[in-house]
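Read the structure below first, then the notes.
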Amino acid sequence: MKALFGAAVLAAVAGVASADIAATAQLIKSIPADQASYGSRAVTPGATFSNVTNYSGSVYLNGGAALISGLLTTKYVSEEITRTTALTPVTRFSFTVANLNSTPLTARPRVRFHDLNNAGGTNTGGYITGFSFNPITFPANTVSVFFTNITAITLPQSFSMGITFDNSGNLGNTAAQMNNLGVGIYNPPDVGSSPDLAFSTTAASVGNVNNAPGNTFNFGGNPVANFGWEIVPAPSSLALVGIGGLLAGRRRR
């Protein structure tokens with residue numbers, strides 16, 4: 001299992017923070033971080049982007065933990081994803097969390113969505129929306145997949161999706177422990193697409209801001225810089241697509 005780290009360089013974070021949406025995460029499955037197989041995990045029916053089955057055996061650690069408004073917070077790490085369709089609304093998504101600490105660690109994951117107007121990869125782009133979860137205890141030396149059902153949100157077909165972690169509630173975590181949290185690296189996606197390119201802020205960041213500075217990176221193709229996410233639209237949207245396809249087929253006949 002490879003642990004890939006970003007440089008811990010501190011810098012000012014641009015933009016004005018926006019309020020988060022509270023959400024509840026539910027565990028799908030945890031596996032040992034050095035297990036390069038995800039076993040029985042399957043794509044959620046109807047997903048328009050899914051990359052949570054092909055675990056590479058590697059993780060990327062967010063790093064850079066520093067105090068922001070009294071909370072020990074890591075860097076924000078994200079990547080560009082493109083769904084198979086521009087269906088809206090989205091009512092479910094999944095994310096992965098790697099914990100390479102030798103003991104379980106409780107922390108708060110915060111997932112954000114940004115547009116792709118990011119000045120050639122030098123910042124996050126414009127903030128779309130974000131979700132804060134209650135603190136979760138992540139098992140030691142594991143990669144876990146979580147999902148959450150949410151009130152419908154509208155997303156473009158292509159956007160960036162990312163995560164940061166903090167010690168909400170002053171959980172007593174050290175910076176070293178927080179720096180051992182990150183994301184699982186998965187490839188190839190089962191549904192949709194993602195370039196071999198990821199993004200990290202240059203400083204610890206809550207992520208819910210416009211144009212926070214940072215840089216794109218990859219690992220030279222070994223592994224491919226794709227993280228574990230899944231996006232699922234509302235069931236009613238899927239039904240409309242089916243009807244649309246049927247009508248199109250009738251017109252062709």
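Each chain in the structure tokens gets a letter, A, B, ..., in the order shown, and its residues are numbered from 1; ligands are numbered from 1 in order too.
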Using only C-alpha atoms, tabulate the residues of region 86-199 of chain A lying at most 9 Å from any atom of region 213-233 of chain A, each with its closest atom pair and that distance in Å to one decimal, by chain and increasing residue number, as JSON lines.
```
{"residue": "A:Leu87", "atom": "CA", "partner": "A:Pro233", "partner_atom": "CA", "distance": 6.6}
{"residue": "A:Thr88", "atom": "CA", "partner": "A:Pro233", "partner_atom": "CA", "distance": 6.1}
{"residue": "A:Pro89", "atom": "CA", "partner": "A:Pro233", "partner_atom": "CA", "distance": 5.7}
{"residue": "A:Val90", "atom": "CA", "partner": "A:Pro233", "partner_atom": "CA", "distance": 4.0}
{"residue": "A:Thr91", "atom": "CA", "partner": "A:Pro233", "partner_atom": "CA", "distance": 5.5}
{"residue": "A:Arg92", "atom": "CA", "partner": "A:Val232", "partner_atom": "CA", "distance": 5.1}
{"residue": "A:Phe93", "atom": "CA", "partner": "A:Ile231", "partner_atom": "CA", "distance": 4.6}
{"residue": "A:Ser94", "atom": "CA", "partner": "A:Glu230", "partner_atom": "CA", "distance": 4.8}
{"residue": "A:Phe95", "atom": "CA", "partner": "A:Trp229", "partner_atom": "CA", "distance": 4.7}
{"residue": "A:Thr96", "atom": "CA", "partner": "A:Gly228", "partner_atom": "CA", "distance": 5.4}
{"residue": "A:Val97", "atom": "CA", "partner": "A:Gly228", "partner_atom": "CA", "distance": 8.6}
{"residue": "A:Gly120", "atom": "CA", "partner": "A:Thr216", "partner_atom": "CA", "distance": 8.8}
{"residue": "A:Gly121", "atom": "CA", "partner": "A:Thr216", "partner_atom": "CA", "distance": 5.5}
{"residue": "A:Thr122", "atom": "CA", "partner": "A:Asn215", "partner_atom": "CA", "distance": 5.0}
{"residue": "A:Asn123", "atom": "CA", "partner": "A:Pro213", "partner_atom": "CA", "distance": 4.2}
{"residue": "A:Thr124", "atom": "CA", "partner": "A:Pro213", "partner_atom": "CA", "distance": 6.6}
{"residue": "A:Val145", "atom": "CA", "partner": "A:Gly228", "partner_atom": "CA", "distance": 7.9}
{"residue": "A:Phe147", "atom": "CA", "partner": "A:Glu230", "partner_atom": "CA", "distance": 8.4}
{"residue": "A:Ala152", "atom": "CA", "partner": "A:Pro233", "partner_atom": "CA", "distance": 8.4}
{"residue": "A:Met161", "atom": "CA", "partner": "A:Trp229", "partner_atom": "CA", "distance": 8.1}
{"residue": "A:Val183", "atom": "CA", "partner": "A:Phe227", "partner_atom": "CA", "distance": 6.4}
{"residue": "A:Gly184", "atom": "CA", "partner": "A:Phe227", "partner_atom": "CA", "distance": 5.7}
{"residue": "A:Ile185", "atom": "CA", "partner": "A:Phe227", "partner_atom": "CA", "distance": 4.4}
{"residue": "A:Tyr186", "atom": "CA", "partner": "A:Phe227", "partner_atom": "CA", "distance": 5.3}
{"residue": "A:Asn187", "atom": "CA", "partner": "A:Asn226", "partner_atom": "CA", "distance": 6.1}
{"residue": "A:Pro188", "atom": "CA", "partner": "A:Asn226", "partner_atom": "CA", "distance": 7.8}
{"residue": "A:Pro189", "atom": "CA", "partner": "A:Asn226", "partner_atom": "CA", "distance": 8.2}
{"residue": "A:Val191", "atom": "CA", "partner": "A:Glu230", "partner_atom": "CA", "distance": 8.8}
{"residue": "A:Ser194", "atom": "CA", "partner": "A:Asn226", "partner_atom": "CA", "distance": 6.8}
{"residue": "A:Pro195", "atom": "CA", "partner": "A:Asn226", "partner_atom": "CA", "distance": 7.5}
{"residue": "A:Asp196", "atom": "CA", "partner": "A:Ala225", "partner_atom": "CA", "distance": 4.9}
{"residue": "A:Leu197", "atom": "CA", "partner": "A:Asn218", "partner_atom": "CA", "distance": 5.2}
{"residue": "A:Ala198", "atom": "CA", "partner": "A:Phe217", "partner_atom": "CA", "distance": 5.4}
{"residue": "A:Phe199", "atom": "CA", "partner": "A:Thr216", "partner_atom": "CA", "distance": 4.2}
```
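Excluding Lys75 (chain A) and any residue on its chain fewer than 6 positions from it, the residues at most 8 Å away by only C-alpha atoms are Asn62, Gly63, Gly64, Ala65, Thr164, Phe165, Ser200, Thr201, Thr202, Ala203, Ala204, Ser205 and Val206 of chain A.
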**OP:** Once DSSP has gone over the backbone, tell me which residues of region 124-233 of chain A are in strand (DSSP E or B), as a PyMOL selection string.
**Re:** chain A and resi 127-133+136-138+142-153+158-166+181-186+191+193+198-204+213-217+227+229-233
Save out the residues we just selected, C-alpha atoms, as a CSV table (one decimal), in the first residue's frame.
```csv
chain,number,residue,atom,x,y,z
A,127,TYR,CA,-17.8,27.1,-4.6
A,128,ILE,CA,-21.1,25.4,-5.4
A,129,THR,CA,-22.1,23.7,-2.2
A,130,GLY,CA,-20.7,21.7,0.7
A,131,PHE,CA,-21.6,19.3,3.4
A,132,SER,CA,-20.4,18.8,7.0
A,133,PHE,CA,-20.8,15.5,8.8
A,136,ILE,CA,-16.9,9.8,12.5
A,137,THR,CA,-14.5,7.2,14.1
A,138,PHE,CA,-12.4,5.8,11.3
A,142,THR,CA,-8.3,1.3,6.6
A,143,VAL,CA,-10.0,2.8,3.6
A,144,SER,CA,-13.7,3.2,4.1
A,145,VAL,CA,-16.5,4.1,1.7
A,146,PHE,CA,-19.4,6.2,3.1
A,147,PHE,CA,-22.7,7.4,1.5
A,148,THR,CA,-25.2,10.1,2.3
A,149,ASN,CA,-28.7,10.7,1.2
A,150,ILE,CA,-29.3,14.5,0.8
A,151,THR,CA,-31.9,17.0,-0.1
A,152,ALA,CA,-31.7,17.5,-3.9
A,153,ILE,CA,-28.8,19.6,-5.1
A,158,SER,CA,-18.5,18.4,-14.9
A,159,PHE,CA,-17.3,19.8,-11.6
A,160,SER,CA,-14.7,19.2,-8.9
A,161,MET,CA,-15.4,17.2,-5.7
A,162,GLY,CA,-13.2,17.2,-2.7
A,163,ILE,CA,-12.8,16.7,1.1
A,164,THR,CA,-11.1,18.2,4.1
A,165,PHE,CA,-11.0,17.1,7.7
A,166,ASP,CA,-11.1,18.8,11.1
A,181,LEU,CA,-6.3,11.1,7.1
A,182,GLY,CA,-6.9,11.2,3.3
A,183,VAL,CA,-8.7,9.6,0.4
A,184,GLY,CA,-8.5,6.2,-1.2
A,185,ILE,CA,-7.2,6.1,-4.8
A,186,TYR,CA,-9.4,4.2,-7.2
A,191,VAL,CA,-19.3,5.1,-14.6
A,193,SER,CA,-14.7,9.8,-16.3
A,198,ALA,CA,-5.9,16.0,-8.6
A,199,PHE,CA,-5.8,19.3,-6.7
A,200,SER,CA,-4.7,20.3,-3.2
A,201,THR,CA,-4.8,23.7,-1.5
A,202,THR,CA,-1.5,25.1,-0.5
A,203,ALA,CA,-2.7,25.6,3.1
A,204,ALA,CA,-5.1,24.0,5.5
A,213,PRO,CA,-5.2,28.8,-3.9
A,214,GLY,CA,-3.4,25.5,-4.7
A,215,ASN,CA,-2.0,23.3,-7.4
A,216,THR,CA,-2.9,20.3,-9.5
A,217,PHE,CA,-0.7,17.2,-9.3
A,227,PHE,CA,-10.1,9.3,-5.9
A,229,TRP,CA,-16.5,9.2,-5.3
A,230,GLU,CA,-19.9,8.3,-6.5
A,231,ILE,CA,-22.8,10.6,-7.6
A,232,VAL,CA,-26.4,9.3,-7.8
A,233,PRO,CA,-29.4,11.4,-9.2
```
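Separating CA of Pro45 (chain A) from CA of Ala23 (chain A) is a distance of 21.6 Å.
A straight line drawn from CA of Gly126 (chain A) to CA of Val59 (chain A) is 26.3 Å long.
Separating CA of Ala22 (chain A) from CA of Thr74 (chain A) is a distance of 19.3 Å.
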**OP:** Name the residues in contact with Gly125 (chain A) at a cut-off of 8 Å, using only C-alpha atoms, excluding same-chain residues fewer than 5 positions from it; report them as a list in words.
**Re:** His114, Asp115, Leu116, Asn117, Asn118, Ala119, Asn210, Asn211 and Ala212 of chain A
Keeping only C-alpha atoms, take the residues you just selected and write them out as a tab-separated table (two decimals), in the first residue's frame.
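Result file out02.tsv:
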```tsv
chain	number	residue	atom	x	y	z
A	114	HIS	CA	-16.66	23.53	-6.96
A	115	ASP	CA	-17.01	24.61	-10.58
A	116	LEU	CA	-14.13	24.22	-13.04
A	117	ASN	CA	-13.40	27.94	-13.46
A	118	ASN	CA	-10.14	27.43	-11.57
A	119	ALA	CA	-7.56	29.48	-13.50
A	210	ASN	CA	-14.22	30.57	-3.80
A	211	ASN	CA	-10.84	30.23	-5.47
A	212	ALA	CA	-8.73	28.95	-2.57
```
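Residues lying within 7 Å of Pro135 (chain A), counting only C-alpha atoms and ignoring same-chain neighbours fewer than 3 positions away, are Thr106, Ala107, Arg108 and Ser168 of chain A.
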How would the residues just chosen look if you wrote them out with C-alpha atoms as a PDB file, in the first residue's frame?
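Saved to again-v4.pdb:
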```pdb
ATOM      1  CA  THR A 106     -12.446  10.416  15.248  1.00  0.00           C
ATOM      2  CA  ALA A 107     -12.661  13.465  12.976  1.00  0.00           C
ATOM      3  CA  ARG A 108     -15.166  15.406  10.893  1.00  0.00           C
ATOM      4  CA  SER A 168     -14.775  19.379  15.355  1.00  0.00           C
TER       5      SER A 168
END
```
Original post:
Mind checking DSSP for region 42-195 of chain A and telling me the alpha helix (DSSP H) residues as number ranges by chain?
Top reply: A: 175-178
Original post:
Hey, what's within 9 Å of Asn180 (chain A) if we count only C-alpha atoms and toss same-chain stuff fewer than 3 positions away? As a PyMOL selection string, please?
Top reply: chain A and resi 61-63+98-101+175-177
Taking N, CA and C atoms for each residue, export the selection above as a PDB file, in the first residue's frame.
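The new file out17.pdb reads:
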```pdb
ATOM      1  N   LEU A  61      -2.830  11.292   1.386  1.00  0.00           N
ATOM      2  CA  LEU A  61      -3.073  11.943   2.662  1.00  0.00           C
ATOM      3  C   LEU A  61      -3.136  13.462   2.482  1.00  0.00           C
ATOM      4  N   ASN A  62      -4.211  14.083   2.989  1.00  0.00           N
ATOM      5  CA  ASN A  62      -4.409  15.516   2.783  1.00  0.00           C
ATOM      6  C   ASN A  62      -3.259  16.347   3.340  1.00  0.00           C
ATOM      7  N   GLY A  63      -2.839  16.052   4.568  1.00  0.00           N
ATOM      8  CA  GLY A  63      -1.701  16.741   5.167  1.00  0.00           C
ATOM      9  C   GLY A  63      -1.965  18.195   5.500  1.00  0.00           C
ATOM     10  N   ALA A  98      -9.393   7.497   4.051  1.00  0.00           N
ATOM     11  CA  ALA A  98      -8.284   6.647   4.470  1.00  0.00           C
ATOM     12  C   ALA A  98      -7.783   7.119   5.830  1.00  0.00           C
ATOM     13  N   ASN A  99      -7.597   6.190   6.748  1.00  0.00           N
ATOM     14  CA  ASN A  99      -6.990   6.491   8.045  1.00  0.00           C
ATOM     15  C   ASN A  99      -5.762   5.604   8.198  1.00  0.00           C
ATOM     16  N   LEU A 100      -4.578   6.195   8.083  1.00  0.00           N
ATOM     17  CA  LEU A 100      -3.348   5.428   8.227  1.00  0.00           C
ATOM     18  C   LEU A 100      -2.756   5.518   9.626  1.00  0.00           C
ATOM     19  N   ASN A 101      -3.519   6.037  10.582  1.00  0.00           N
ATOM     20  CA  ASN A 101      -3.085   5.962  11.967  1.00  0.00           C
ATOM     21  C   ASN A 101      -3.147   4.515  12.452  1.00  0.00           C
ATOM     22  N   ALA A 175      -1.828  17.199  15.241  1.00  0.00           N
ATOM     23  CA  ALA A 175      -1.638  17.473  13.818  1.00  0.00           C
ATOM     24  C   ALA A 175      -1.137  16.233  13.095  1.00  0.00           C
ATOM     25  N   ALA A 176      -0.241  15.483  13.735  1.00  0.00           N
ATOM     26  CA  ALA A 176       0.288  14.269  13.110  1.00  0.00           C
ATOM     27  C   ALA A 176      -0.830  13.264  12.834  1.00  0.00           C
ATOM     28  N   GLN A 177      -1.766  13.120  13.754  1.00  0.00           N
ATOM     29  CA  GLN A 177      -2.889  12.207  13.535  1.00  0.00           C
ATOM     30  C   GLN A 177      -3.783  12.694  12.400  1.00  0.00           C
TER      31      GLN A 177
END
```
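Minimum distance to Leu72 (chain A) across A:Gly172, A:Gly207, A:Pro235, A:Gly192 (counting only C-alpha atoms) occurs at A:Gly172.
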